[in-house]
$ cat coords.csv   # CSV, C-alpha atoms and all ligand atoms
chain,number,residue,atom,x,y,z
A,239,MET,CA,95.0,63.0,115.0
A,240,VAL,CA,98.3,61.5,114.0
A,241,GLY,CA,99.8,64.9,113.1
A,242,GLN,CA,99.1,66.1,116.7
A,243,ARG,CA,100.8,63.0,118.1
A,244,PHE,CA,103.8,63.7,116.0
A,245,ILE,CA,104.0,67.2,117.4
A,246,GLN,CA,103.5,65.9,121.0
A,247,LEU,CA,106.2,63.2,120.6
A,248,LEU,CA,108.7,65.3,118.7
A,249,VAL,CA,108.7,68.5,120.6
A,250,ASP,CA,111.0,67.3,123.4
A,251,HIS,CA,112.8,64.6,121.3
A,252,PRO,CA,116.6,64.6,121.8
A,253,GLN,CA,117.3,64.0,118.0
A,254,PHE,CA,114.6,65.9,116.2
A,255,GLU,CA,113.2,69.4,116.1
A,256,VAL,CA,110.0,70.4,114.3
A,257,THR,CA,111.0,73.0,111.7
A,258,ALA,CA,108.0,73.0,109.4
A,259,VAL,CA,104.4,71.8,109.4
A,260,ALA,CA,102.2,71.2,106.3
A,261,ALA,CA,98.5,70.4,105.8
A,262,SER,CA,95.5,70.9,103.5
A,263,ASP,CA,94.4,74.2,102.0
A,264,ARG,CA,91.9,74.5,104.9
A,265,SER,CA,94.9,75.3,107.1
A,266,ARG,CA,97.5,76.8,104.8
A,267,GLY,CA,98.7,80.3,105.7
A,268,LYS,CA,97.3,80.1,109.3
A,269,ALA,CA,99.5,79.7,112.3
A,270,TYR,CA,99.4,76.1,113.5
A,271,GLY,CA,97.8,77.2,116.7
A,272,ASP,CA,94.8,78.7,114.8
A,273,ALA,CA,94.6,75.9,112.2
A,274,CYS,CA,94.6,73.0,114.7
A,275,THR,CA,92.1,72.1,117.3
A,276,TRP,CA,94.2,70.3,119.9
A,277,ARG,CA,92.5,67.0,120.7
A,278,ILE,CA,95.0,65.2,122.9
A,279,GLY,CA,95.8,65.6,126.6
A,280,GLY,CA,97.9,68.6,127.7
A,281,GLU,CA,98.6,71.9,126.1
A,282,MET,CA,99.6,72.4,122.5
A,283,PRO,CA,103.4,72.8,122.7
A,284,PRO,CA,104.3,76.6,122.5
A,285,ALA,CA,107.1,75.9,120.0
A,286,VAL,CA,104.7,75.1,117.2
A,287,ARG,CA,101.8,77.5,118.1
A,288,MET,CA,103.0,80.3,115.8
A,289,MET,CA,104.5,78.1,113.1
A,290,PRO,CA,102.9,78.8,109.6
A,291,VAL,CA,101.1,75.9,108.0
A,292,GLN,CA,102.6,75.3,104.6
A,293,PRO,CA,101.5,73.3,101.6
A,294,PRO,CA,102.9,69.8,101.4
A,295,THR,CA,105.3,70.5,98.6
A,296,PRO,CA,109.1,70.8,98.5
A,297,PRO,CA,111.1,72.8,99.4
A,298,LEU,CA,110.3,72.6,103.1
A,299,ASP,CA,112.9,73.6,105.6
A,300,CYS,CA,113.6,70.1,107.0
A,301,ASP,CA,116.1,67.2,106.8
A,302,LEU,CA,113.4,64.5,106.8
A,303,VAL,CA,109.6,64.4,106.4
A,304,PHE,CA,107.2,62.6,108.7
A,305,SER,CA,104.0,62.1,106.7
A,306,SER,CA,100.5,61.2,108.0
A,307,LEU,CA,98.5,62.3,104.9
A,308,PRO,CA,95.3,60.5,103.9
A,309,GLY,CA,96.2,57.5,101.8
A,310,GLU,CA,94.6,58.7,98.6
A,311,MET,CA,96.9,61.8,98.3
A,312,ALA,CA,100.0,60.4,100.0
A,313,ARG,CA,101.2,58.5,97.0
A,314,GLU,CA,101.8,61.6,94.8
A,315,THR,CA,103.0,63.9,97.6
A,316,GLU,CA,105.3,61.5,99.3
A,317,GLY,CA,106.7,60.5,95.9
A,318,ILE,CA,107.5,64.1,95.1
A,319,PHE,CA,109.3,64.6,98.4
A,320,ALA,CA,111.4,61.4,98.0
A,321,THR,CA,112.4,62.3,94.4
A,322,SER,CA,113.3,65.8,95.7
A,323,GLY,CA,115.9,64.3,98.1
A,324,TYR,CA,113.9,64.0,101.3
A,325,PRO,CA,113.8,60.8,103.4
A,326,VAL,CA,110.0,60.3,103.9
A,327,ILE,CA,109.0,58.4,107.0
A,328,SER,CA,105.4,57.6,106.2
A,329,ASN,CA,102.5,56.5,108.2
A,330,SER,CA,100.1,56.3,105.3
A,331,SER,CA,99.2,53.2,103.3
A,332,ALA,CA,100.2,54.5,99.8
A,333,TYR,CA,103.6,52.8,99.6
A,334,ARG,CA,103.4,50.1,102.2
A,335,MET,CA,103.1,47.2,99.8
A,336,ASP,CA,105.5,48.4,97.2
A,337,GLU,CA,108.2,45.8,96.6
A,338,ASP,CA,111.1,48.1,97.2
A,339,VAL,CA,109.7,49.9,100.3
A,340,PRO,CA,110.4,48.7,103.8
A,341,LEU,CA,107.2,48.1,105.9
A,342,LEU,CA,109.1,48.5,109.1
A,343,ILE,CA,108.7,47.6,112.7
A,344,PRO,CA,112.2,48.0,114.2
A,345,GLU,CA,111.7,45.1,116.7
A,346,VAL,CA,110.5,42.7,114.0
A,347,ASN,CA,112.1,43.2,110.6
A,348,HIS,CA,115.0,45.8,110.7
A,349,GLU,CA,116.8,43.8,108.0
A,350,HIS,CA,114.1,44.9,105.5
A,351,LEU,CA,115.9,48.3,105.5
A,352,GLY,CA,118.1,46.6,102.9
A,353,LEU,CA,115.3,47.5,100.4
A,354,ILE,CA,116.3,51.2,100.7
A,355,LYS,CA,119.3,50.5,98.4
A,356,ARG,CA,116.8,49.4,95.6
A,357,GLN,CA,114.6,52.5,95.7
A,358,ARG,CA,116.9,55.3,96.8
A,359,TYR,CA,116.6,58.2,94.3
A,360,GLU,CA,119.6,59.9,92.8
A,361,SER,CA,118.7,62.9,95.0
A,362,GLY,CA,119.2,60.7,98.1
A,363,GLY,CA,115.5,60.6,99.0
A,364,PHE,CA,113.7,57.4,99.9
A,365,ILE,CA,110.5,56.2,101.6
A,366,VAL,CA,110.1,54.0,104.7
A,367,THR,CA,106.6,53.1,105.9
A,368,ASN,CA,105.1,51.8,109.1
A,369,PRO,CA,102.2,49.4,109.1
A,370,ASN,CA,98.5,50.0,109.6
A,371,CYS,CA,97.7,50.7,113.3
A,372,SER,CA,96.1,47.2,114.0
A,373,THR,CA,98.6,45.4,111.9
A,374,ILE,CA,101.5,46.7,114.0
A,375,MET,CA,100.1,45.2,117.2
A,376,ILE,CA,99.2,41.9,115.4
A,377,ALA,CA,102.7,41.6,113.8
A,378,ILE,CA,104.5,42.4,117.0
A,379,ALA,CA,102.5,39.7,118.9
A,380,LEU,CA,103.1,37.2,116.1
A,381,ALA,CA,106.8,37.9,115.5
A,382,PRO,CA,108.4,36.1,118.5
A,383,LEU,CA,105.9,33.2,118.1
A,384,HIS,CA,106.6,32.8,114.4
A,385,ALA,CA,110.4,32.9,115.1
A,386,ALA,CA,110.1,30.2,117.8
A,387,PHE,CA,107.3,27.9,116.7
A,388,GLY,CA,106.4,28.8,113.1
A,389,VAL,CA,102.9,30.4,112.7
A,390,THR,CA,100.9,28.7,110.0
A,391,ALA,CA,97.6,30.5,110.5
A,392,ALA,CA,96.4,33.5,112.4
A,393,ALA,CA,92.8,34.9,112.7
A,394,ALA,CA,92.3,38.4,114.2
A,395,THR,CA,89.1,40.1,115.3
A,396,THR,CA,89.7,43.7,116.1
A,397,LEU,CA,87.9,46.3,118.2
A,398,GLN,CA,89.3,49.6,117.0
A,399,ALA,CA,89.2,53.0,118.7
A,400,LEU,CA,87.6,56.2,117.3
A,401,SER,CA,90.8,58.1,117.0
A,402,GLY,CA,91.9,55.6,114.4
A,403,ALA,CA,89.4,57.2,112.1
A,404,GLY,CA,91.1,60.6,112.3
A,405,TYR,CA,89.3,63.9,113.3
A,406,PRO,CA,86.3,64.5,113.2
A,407,GLY,CA,86.1,60.8,112.3
A,408,VAL,CA,82.9,58.7,112.9
A,409,ALA,CA,79.7,60.6,113.5
A,410,SER,CA,78.5,60.3,117.1
A,411,LEU,CA,75.1,59.2,116.0
A,412,ASP,CA,76.7,56.2,114.2
A,413,ILE,CA,78.8,55.0,117.1
A,414,VAL,CA,77.1,55.9,120.4
A,415,ASP,CA,75.4,52.7,121.7
A,416,ASN,CA,76.7,50.9,118.7
A,417,VAL,CA,79.5,48.8,117.1
A,418,LEU,CA,80.3,49.2,113.4
A,419,PRO,CA,81.5,45.9,111.7
A,420,TYR,CA,83.2,47.6,108.8
A,421,ILE,CA,86.3,49.9,108.3
A,422,GLY,CA,87.0,50.4,104.6
A,423,GLY,CA,90.2,48.5,103.4
A,424,GLU,CA,91.3,47.6,107.0
A,425,GLU,CA,90.8,43.8,106.8
A,426,GLU,CA,92.8,43.6,103.5
A,427,LYS,CA,95.6,45.7,105.0
A,428,ILE,CA,95.9,43.5,108.1
A,429,GLU,CA,95.9,40.4,105.9
A,430,SER,CA,98.5,41.5,103.3
A,431,GLU,CA,100.8,43.7,105.5
A,432,THR,CA,101.3,41.0,108.1
A,433,THR,CA,102.8,38.5,105.7
A,434,LYS,CA,105.1,41.2,104.3
A,435,ILE,CA,106.3,42.3,107.7
A,436,LEU,CA,107.0,38.7,108.9
A,437,GLY,CA,108.5,37.8,105.5
A,438,ARG,CA,112.3,37.3,105.1
A,439,PHE,CA,114.7,39.6,103.3
A,440,VAL,CA,116.4,37.4,100.8
A,441,GLU,CA,118.6,38.6,97.9
A,442,ASP,CA,117.3,42.2,97.9
A,443,ARG,CA,113.6,41.3,98.1
A,444,ILE,CA,111.0,40.2,100.7
A,445,GLN,CA,109.8,36.6,100.6
A,446,LEU,CA,106.3,36.8,102.1
A,447,ALA,CA,105.7,34.7,105.2
A,448,SER,CA,103.7,31.6,104.2
A,449,MET,CA,100.9,31.7,106.7
A,450,ALA,CA,97.1,32.2,106.4
A,451,VAL,CA,96.0,35.5,107.9
A,452,SER,CA,92.4,36.4,108.3
A,453,ALA,CA,90.9,39.6,109.9
A,454,GLN,CA,87.5,40.9,110.9
A,455,VAL,CA,87.4,44.5,112.1
A,456,HIS,CA,85.0,46.6,114.2
A,457,ARG,CA,84.9,50.2,115.2
A,458,VAL,CA,84.0,50.6,118.9
A,459,ASN,CA,83.1,53.5,121.2
A,460,VAL,CA,86.6,53.9,122.7
A,461,THR,CA,88.7,57.0,122.2
A,462,ASP,CA,92.3,55.4,122.0
A,463,GLY,CA,93.6,51.9,122.0
A,464,HIS,CA,93.0,49.1,119.4
A,465,MET,CA,92.4,45.6,120.5
A,466,ALA,CA,92.7,42.3,118.6
A,467,ALA,CA,91.3,38.9,119.7
A,468,MET,CA,93.8,36.5,118.1
A,469,ARG,CA,93.7,32.8,117.3
A,470,VAL,CA,97.0,31.2,116.2
A,471,LYS,CA,98.0,27.8,114.7
A,472,PHE,CA,101.7,26.7,114.8
A,473,ALA,CA,103.9,24.3,112.8
A,474,ARG,CA,105.1,23.0,116.2
A,475,LYS,CA,102.5,23.6,118.9
A,476,PRO,CA,104.3,24.9,122.1
A,477,GLU,CA,103.4,24.4,125.7
A,478,LEU,CA,101.4,27.3,127.2
A,479,ASN,CA,104.4,28.4,129.3
A,480,GLU,CA,106.7,28.3,126.3
A,481,LEU,CA,104.3,30.6,124.5
A,482,ARG,CA,104.1,33.0,127.4
A,483,GLU,CA,107.8,33.0,127.8
A,484,ALA,CA,108.4,33.7,124.0
A,485,LEU,CA,106.1,36.7,124.2
A,486,ALA,CA,107.2,38.1,127.6
A,487,SER,CA,111.0,37.8,126.9
A,488,PHE,CA,110.8,39.4,123.4
A,489,ARG,CA,113.5,42.0,123.0
A,490,SER,CA,115.2,43.2,119.8
A,491,LEU,CA,117.5,45.7,118.2
A,492,PRO,CA,115.8,48.9,119.3
A,493,GLN,CA,116.1,47.7,122.9
A,494,GLU,CA,119.8,46.8,122.4
A,495,LEU,CA,120.5,50.1,120.8
A,496,GLY,CA,118.6,52.0,123.5
A,497,LEU,CA,116.6,54.0,120.9
A,498,HIS,CA,114.8,56.9,122.6
A,499,SER,CA,111.2,55.7,121.7
A,500,ALA,CA,111.9,52.0,122.2
A,501,PRO,CA,109.9,50.6,125.1
A,502,ALA,CA,112.0,48.5,127.6
A,503,LYS,CA,109.5,45.7,126.9
A,504,PRO,CA,107.8,45.6,123.4
A,505,ILE,CA,105.3,43.1,124.8
A,506,VAL,CA,103.9,42.8,128.3
A,507,VAL,CA,101.9,39.7,129.2
A,508,ARG,CA,99.2,40.2,131.8
A,509,GLU,CA,97.8,37.3,133.9
A,510,GLU,CA,94.6,39.0,135.2
A,511,ALA,CA,91.5,37.5,133.7
A,512,ASP,CA,90.1,40.8,132.6
A,513,ARG,CA,93.1,42.4,130.9
A,514,PRO,CA,94.1,44.0,128.6
A,515,GLN,CA,91.7,46.9,128.6
A,516,PRO,CA,92.0,50.1,126.5
A,517,ARG,CA,91.8,52.5,129.4
A,518,LEU,CA,94.1,50.6,131.6
A,519,ASP,CA,96.7,49.3,129.2
A,520,ARG,CA,97.0,51.6,126.2
A,521,ASP,CA,99.7,53.8,127.8
A,522,ALA,CA,102.0,50.9,128.7
A,523,GLY,CA,105.6,51.8,127.8
A,524,GLN,CA,104.6,55.4,127.0
A,525,GLY,CA,102.1,53.9,124.4
A,526,MET,CA,104.8,51.8,122.7
A,527,THR,CA,104.2,48.5,124.5
A,528,VAL,CA,101.8,45.9,123.2
A,529,THR,CA,99.8,44.3,126.1
A,530,ILE,CA,98.7,40.7,125.8
A,531,GLY,CA,96.4,38.7,128.0
A,532,ARG,CA,93.8,36.0,128.0
A,533,LEU,CA,96.4,33.5,126.8
A,534,GLN,CA,94.8,30.0,126.6
A,535,GLU,CA,94.5,26.9,124.4
A,536,ASP,CA,91.9,27.1,121.7
A,537,ALA,CA,89.6,24.4,120.4
A,538,VAL,CA,89.7,25.6,116.8
A,539,LEU,CA,93.3,26.7,116.3
A,540,ASP,CA,96.1,26.0,118.8
A,541,TYR,CA,96.1,29.1,121.1
A,542,ARG,CA,94.2,32.3,121.5
A,543,PHE,CA,94.9,35.6,123.3
A,544,VAL,CA,93.9,39.3,123.3
A,545,ALA,CA,96.4,42.0,122.2
A,546,LEU,CA,96.1,45.8,122.8
A,547,SER,CA,98.1,48.8,121.8
A,548,HIS,CA,97.9,52.6,121.5
A,549,ASN,CA,96.8,53.2,117.9
A,550,THR,CA,98.1,56.8,117.5
A,551,ILE,CA,101.4,56.1,119.3
A,552,ARG,CA,102.7,52.5,118.6
A,553,GLY,CA,100.2,52.3,115.8
A,554,ALA,CA,101.2,55.6,114.1
A,555,ALA,CA,103.3,58.6,115.2
A,556,GLY,CA,105.4,56.7,117.7
A,557,ALA,CA,106.0,53.9,115.2
A,558,ALA,CA,107.2,56.4,112.5
A,559,ILE,CA,109.5,58.2,115.0
A,560,LEU,CA,111.0,54.9,116.2
A,561,ASN,CA,111.6,54.0,112.5
A,562,ALA,CA,113.5,57.3,112.1
A,563,GLU,CA,115.6,56.7,115.2
A,564,LEU,CA,116.6,53.3,113.8
A,565,LEU,CA,117.5,54.9,110.4
A,566,ILE,CA,119.8,57.3,112.2
A,567,ALA,CA,121.3,54.6,114.4
A,568,LEU,CA,122.0,52.4,111.4
A,569,GLY,CA,123.5,55.2,109.3
A,570,HIS,CA,120.8,55.4,106.6
A,571,LEU,CA,120.4,59.2,107.0
A,572,ARG,CA,122.9,61.6,105.5
A,573,TRP,CA,123.8,63.2,108.9
A,574,SER,CA,123.7,59.8,110.8
A,575,ALA,CA,127.5,59.7,111.1
A,576,GLN,CA,127.9,63.3,112.4
B,1,LIG,N1,94.5,57.7,113.4
B,1,LIG,C1,95.3,56.6,113.5
B,1,LIG,O1,95.2,55.9,114.6
B,1,LIG,C2,96.1,56.1,112.4
B,1,LIG,C3,97.0,55.1,112.6
B,1,LIG,C4,97.8,54.7,111.6
B,1,LIG,C5,97.8,55.3,110.4
B,1,LIG,N2,96.9,56.3,110.1
B,1,LIG,C6,97.0,57.0,108.8
B,1,LIG,O2,97.5,58.3,109.0
B,1,LIG,C7,96.9,59.2,108.1
B,1,LIG,C8,96.3,60.3,108.8
B,1,LIG,O3,95.3,59.9,109.7
B,1,LIG,P1,94.7,60.8,110.8
B,1,LIG,O4,93.9,59.9,111.7
B,1,LIG,O5,95.7,61.7,111.4
B,1,LIG,O6,93.7,61.7,109.8
B,1,LIG,P2,93.1,63.2,110.1
B,1,LIG,O7,92.9,63.4,111.5
B,1,LIG,O8,91.9,63.3,109.2
B,1,LIG,O9,94.2,64.1,109.5
B,1,LIG,C9,94.6,64.2,108.2
B,1,LIG,C10,95.6,65.3,107.9
B,1,LIG,O10,95.9,65.3,106.6
B,1,LIG,C11,95.8,66.6,106.1
B,1,LIG,N3,95.3,66.7,104.7
B,1,LIG,C12,94.1,66.2,104.2
B,1,LIG,N4,93.9,66.4,102.9
B,1,LIG,C13,95.1,67.1,102.5
B,1,LIG,C14,95.5,67.6,101.3
B,1,LIG,N5,94.8,67.5,100.2
B,1,LIG,N6,96.7,68.2,101.3
B,1,LIG,C15,97.5,68.3,102.4
B,1,LIG,N7,97.1,67.8,103.6
B,1,LIG,C16,95.9,67.2,103.7
B,1,LIG,C17,94.7,67.3,107.0
B,1,LIG,O11,94.9,68.7,106.9
B,1,LIG,P3,94.0,69.7,107.7
B,1,LIG,O12,94.5,69.7,109.1
B,1,LIG,O13,94.3,71.0,107.0
B,1,LIG,O14,92.6,69.2,107.5
B,1,LIG,C18,95.1,66.7,108.3
B,1,LIG,O15,96.1,67.4,108.9
B,1,LIG,C19,95.9,58.3,107.3
B,1,LIG,O16,96.6,57.9,106.1
B,1,LIG,C20,95.6,57.2,108.2
B,1,LIG,O17,95.2,56.0,107.5
B,1,LIG,C21,96.1,56.8,111.1
$ encode --input "coords.csv" --output "C-alpha cells"
Amino acid sequence: MVGQRFIQLLVDHPQFEVTAVAASDRSRGKAYGDACTWRIGGEMPPAVRMMPVQPPTPPLDCDLVFSSLPGEMARETEGIFATSGYPVISNSSAYRMDEDVPLLIPEVNHEHLGLIKRQRYESGGFIVTNPNCSTIMIAIALAPLHAAFGVTAAAATTLQALSGAGYPGVASLDIVDNVLPYIGGEEEKIESETTKILGRFVEDRIQLASMAVSAQVHRVNVTDGHMAAMRVKFARKPELNELREALASFRSLPQELGLHSAPAKPIVVREEADRPQPRLDRDAGQGMTVTIGRLQEDAVLDYRFVALSHNTIRGAAGAAILNAELLIALGHLRWSAQ
C-alpha cells in the first residue's frame, strides 16, 4: 500500500525520479506492472510498468532509498543500505526510537536533523524515519498546543483505516460489520514516538517531552483515513479561541521554504458539528493536511477534539517524501548544493 503511494507521489515529482524498485522474492524478476496489483485510484504510472523488481540489497541504481518494508525485516535491510552509503528515508518502525535517528515531521521537529551528524556512516549513508501513521497526526495536532500552552497529558482513541494494515491486510470476515480493538504494537508506538517527536534537541540528543500520553487503537471498516479522538491537559489552560487560533494558524519551516509536498496549511480546523470525516476530509491539502474538529472543553482533561489525516499520504509515503525534500533544502544530501 505504501509502496504504491510512493510511486504515485514520486512519478511527477519535480526533484525525484524513480530509478529502481525492490520488493520480496514473490515479486523479484517480474516487471513492476506484473508484480503489483494497483490498489489506489487512477492508472499505474506507465514509467514504472516495465521496471524490473529487484531484491532490496545494494547496489541499486539510486541516490537515495525510500523504504516501506515490514518492520521486522527493515532493520537489517535499511542498515545495510545506510552502511553502503545510501541515505535511507524510512517509513518503517525499525529505527524510529534509536537515539541517533531523527523521527522527523518537518513542521514539528526539523532541528532533530542535528542527529544525523551522530549516526552518519563513513560511506555518507544515514537513516531518517517518519512516525507511525497515527502518531504523525497526533503529534502535528499537539505540536502548536505544546509550544503555546505546554501539554502535560494527552489521551488518544484512534479509529484506523484498513489500508493501514497493508495489502491484503485484514480479512473481510473479520472487519465487515465489526470493529477490532487491537492493532499489534500500535498503542506503544503512539505513546513512545509522541514524546520523542515533541522532545527538544539539546546538545546532540533528544530530551523526551515530559507529558503523559495514552493511546487506545481500533481498526474500523474505512478504506483510507485515520481518526483520533483526543483529550488534552495543559500546564496553562487556554481559552477555547486561543486553542483554535493556535491550531489554525500553525505554519512552519516547510511552508516558509515552499517545499513541494508541504500543504499550505498543516492543520485545518472545521467548525461543522459532524466533521472531520474520513471520506470528506482525508484528501485535504492533497492528503497532507490534518483536519481537526469537535473542539470543546472536556470534563476530565482540559479540552477534547477529533483529528483526521490520510494514513498512506501524511501518515506514510507523503511524510517520507516531505522529509527528503527538507533534507535537500537544508543541504543534508550530497547533491543538495548542486
Ligand atoms: N499502510 C500504512 O498506512 C502505513 C503507514 C505508516 C507506516 N507503514 C509501514 O510501512 C511498511 C509497509 O506497509 P504497507 O502497508 O505498505 O505493507 P504491505 O502492503 O504489506 O507491503 C509490504 C511491502 O514490503 C515488501 N516485502 C515484504 N517482505 C519482504 C522481504 N522479505 N523482502 C523484501 N520486500 C519485502 C512486499 O513485497 P511484495 O510486494 O513482493 O509482497 C511489499 O511490497 C510497514 O512497516 C508499515 O508498518 C504503513
$ closest_residue --input "coords.csv" --among "A:Ala391, A:Val528, A:Val451, A:Ile551" --to "ligand LIG 1 (chain B)" --atoms "only C-alpha atoms and all ligand atoms"
A:Ile551
$ closest_residue --input "coords.csv" --among "A:Gly523, A:Gly388, A:Gly267, A:Pro325" --to "ligand LIG 1 (chain B)" --atoms "all atoms listed in the file"
A:Gly267
$ atom_distance --input "coords.csv" --atom1 "atom CA of A:Leu248" --atom2 "atom CA of A:Pro340"
22.4 Å
$ closest_atom_pairs --input "coords.csv" --of "chain A" --to "ligand LIG 1 (chain B)" --cutoff "6 Å" --atoms "all atoms listed in the file" --output "JSON lines"
{"residue": "A:Met239", "atom": "CA", "partner": "B:LIG1", "partner_atom": "O5", "distance": 3.9}
{"residue": "A:Val240", "atom": "CA", "partner": "B:LIG1", "partner_atom": "O5", "distance": 3.7}
{"residue": "A:Gly241", "atom": "CA", "partner": "B:LIG1", "partner_atom": "O5", "distance": 5.5}
{"residue": "A:Ala261", "atom": "CA", "partner": "B:LIG1", "partner_atom": "N7", "distance": 3.7}
{"residue": "A:Ser262", "atom": "CA", "partner": "B:LIG1", "partner_atom": "C15", "distance": 3.5}
{"residue": "A:Asp263", "atom": "CA", "partner": "B:LIG1", "partner_atom": "O13", "distance": 5.9}
{"residue": "A:Arg264", "atom": "CA", "partner": "B:LIG1", "partner_atom": "O13", "distance": 4.7}
{"residue": "A:Ser265", "atom": "CA", "partner": "B:LIG1", "partner_atom": "O13", "distance": 4.3}
{"residue": "A:Pro294", "atom": "CA", "partner": "B:LIG1", "partner_atom": "C15", "distance": 5.7}
{"residue": "A:Ser306", "atom": "CA", "partner": "B:LIG1", "partner_atom": "C7", "distance": 4.1}
{"residue": "A:Leu307", "atom": "CA", "partner": "B:LIG1", "partner_atom": "O10", "distance": 4.3}
{"residue": "A:Pro308", "atom": "CA", "partner": "B:LIG1", "partner_atom": "O16", "distance": 3.6}
{"residue": "A:Gly309", "atom": "CA", "partner": "B:LIG1", "partner_atom": "O16", "distance": 4.3}
{"residue": "A:Asn329", "atom": "CA", "partner": "B:LIG1", "partner_atom": "C5", "distance": 5.3}
{"residue": "A:Ser330", "atom": "CA", "partner": "B:LIG1", "partner_atom": "O16", "distance": 3.9}
{"residue": "A:Asn370", "atom": "CA", "partner": "B:LIG1", "partner_atom": "C4", "distance": 5.2}
{"residue": "A:Cys371", "atom": "CA", "partner": "B:LIG1", "partner_atom": "C4", "distance": 4.3}
{"residue": "A:Ser401", "atom": "CA", "partner": "B:LIG1", "partner_atom": "N1", "distance": 5.2}
{"residue": "A:Gly402", "atom": "CA", "partner": "B:LIG1", "partner_atom": "O1", "distance": 3.3}
{"residue": "A:Ala403", "atom": "CA", "partner": "B:LIG1", "partner_atom": "O4", "distance": 5.3}
{"residue": "A:Gly404", "atom": "CA", "partner": "B:LIG1", "partner_atom": "O4", "distance": 2.9}
{"residue": "A:Tyr405", "atom": "CA", "partner": "B:LIG1", "partner_atom": "O7", "distance": 4.1}
{"residue": "A:Asn549", "atom": "CA", "partner": "B:LIG1", "partner_atom": "O1", "distance": 4.6}
{"residue": "A:Thr550", "atom": "CA", "partner": "B:LIG1", "partner_atom": "O1", "distance": 4.2}
{"residue": "A:Gly553", "atom": "CA", "partner": "B:LIG1", "partner_atom": "C3", "distance": 5.3}
{"residue": "A:Ala554", "atom": "CA", "partner": "B:LIG1", "partner_atom": "C4", "distance": 4.3}
$ write_last_selection --input "coords.csv" --atoms "C-alpha atoms" --output "short mmCIF file (atom, residue, chain, number, x, y, z; two decimals), in the frame of the given file"
data_model
loop_
_atom_site.label_atom_id
_atom_site.label_comp_id
_atom_site.auth_asym_id
_atom_site.auth_seq_id
_atom_site.Cartn_x
_atom_site.Cartn_y
_atom_site.Cartn_z
CA MET A 239 95.00 63.00 115.00
CA VAL A 240 98.30 61.50 114.00
CA GLY A 241 99.80 64.90 113.10
CA ALA A 261 98.50 70.40 105.80
CA SER A 262 95.50 70.90 103.50
CA ASP A 263 94.40 74.20 102.00
CA ARG A 264 91.90 74.50 104.90
CA SER A 265 94.90 75.30 107.10
CA PRO A 294 102.90 69.80 101.40
CA SER A 306 100.50 61.20 108.00
CA LEU A 307 98.50 62.30 104.90
CA PRO A 308 95.30 60.50 103.90
CA GLY A 309 96.20 57.50 101.80
CA ASN A 329 102.50 56.50 108.20
CA SER A 330 100.10 56.30 105.30
CA ASN A 370 98.50 50.00 109.60
CA CYS A 371 97.70 50.70 113.30
CA SER A 401 90.80 58.10 117.00
CA GLY A 402 91.90 55.60 114.40
CA ALA A 403 89.40 57.20 112.10
CA GLY A 404 91.10 60.60 112.30
CA TYR A 405 89.30 63.90 113.30
CA ASN A 549 96.80 53.20 117.90
CA THR A 550 98.10 56.80 117.50
CA GLY A 553 100.20 52.30 115.80
CA ALA A 554 101.20 55.60 114.10
#
$ closest_residue --input "coords.csv" --among "A:Pro296, A:Pro290, A:Pro501, A:Gly363" --to "A:Thr321" --atoms "only C-alpha atoms"
A:Gly363
$ closest_residue --input "coords.csv" --among "A:Ile559, A:Val256, A:Cys274, A:Ala522" --to "A:Ala502" --atoms "all atoms listed in the file"
A:Ala522
$ residues_around --input "coords.csv" --residues "A:Leu564" --least-positions-apart "5" --cutoff "8 Å" --atoms "only C-alpha atoms" --output "list of chain:residue names"
A:Pro344, A:Pro492, A:Leu497
$ atom_distance --input "coords.csv" --atom1 "atom CA of A:Val366" --atom2 "atom CA of A:Thr433"
17.2 Å
$ residues_around --input "coords.csv" --residues "A:Gln357" --least-positions-apart "6" --cutoff "9 Å" --atoms "all atoms listed in the file" --output "compact mmCIF listing (two decimals) with C-alpha atoms, in the coordinates of the input"
# COMPACT_ATOMS: atom_id res chain seq x y z
CA ASP A 338 111.10 48.10 97.20
CA VAL A 339 109.70 49.90 100.30
CA GLY A 363 115.50 60.60 99.00
CA PHE A 364 113.70 57.40 99.90
CA ILE A 365 110.50 56.20 101.60
$ residues_around --input "coords.csv" --residues "stretch 422-424 of chain A" --least-positions-apart "5" --cutoff "9 Å" --atoms "all atoms listed in the file" --output "mmCIF file with C-alpha atoms, keeping the file's coordinate frame"
data_model
loop_
_atom_site.group_PDB
_atom_site.id
_atom_site.type_symbol
_atom_site.label_atom_id
_atom_site.label_comp_id
_atom_site.auth_asym_id
_atom_site.auth_seq_id
_atom_site.Cartn_x
_atom_site.Cartn_y
_atom_site.Cartn_z
ATOM 1 C CA ASN A 370 98.500 50.000 109.600
ATOM 2 C CA SER A 372 96.100 47.200 114.000
ATOM 3 C CA GLU A 429 95.900 40.400 105.900
ATOM 4 C CA ALA A 453 90.900 39.600 109.900
ATOM 5 C CA GLN A 454 87.500 40.900 110.900
ATOM 6 C CA VAL A 455 87.400 44.500 112.100
#
$ closest_residue --input "coords.csv" --among "A:Gln515, A:Ser499, A:Arg532, A:Pro283" --to "A:Gln253" --atoms "all atoms listed in the file"
A:Ser499
$ atom_distance --input "coords.csv" --atom1 "atom CA of A:Leu568" --atom2 "atom CA of A:Thr527"
22.4 Å
$ closest_residue --input "coords.csv" --among "A:His384, A:Arg489, A:Arg457, A:Lys434" --to "A:Val414" --atoms "all atoms listed in the file"
A:Arg457
$ residues_near_point --input "coords.csv" --point "(105.0, 36.9, 102.8)" --cutoff "8 Å" --atoms "all atoms listed in the file" --output "list in words"
Ser430, Thr432, Thr433, Lys434, Ile435, Leu436, Gly437, Arg438, Ile444, Gln445, Leu446, Ala447, Ser448 and Met449 of chain A
$ residues_around --input "coords.csv" --residues "A:Ala567" --least-positions-apart "3" --cutoff "10 Å" --atoms "all atoms listed in the file" --output "list in words"
Pro492, Leu495, Gly496, Leu497, Asn561, Ala562, Glu563, Leu564, His570, Leu571, Ser574 and Ala575 of chain A
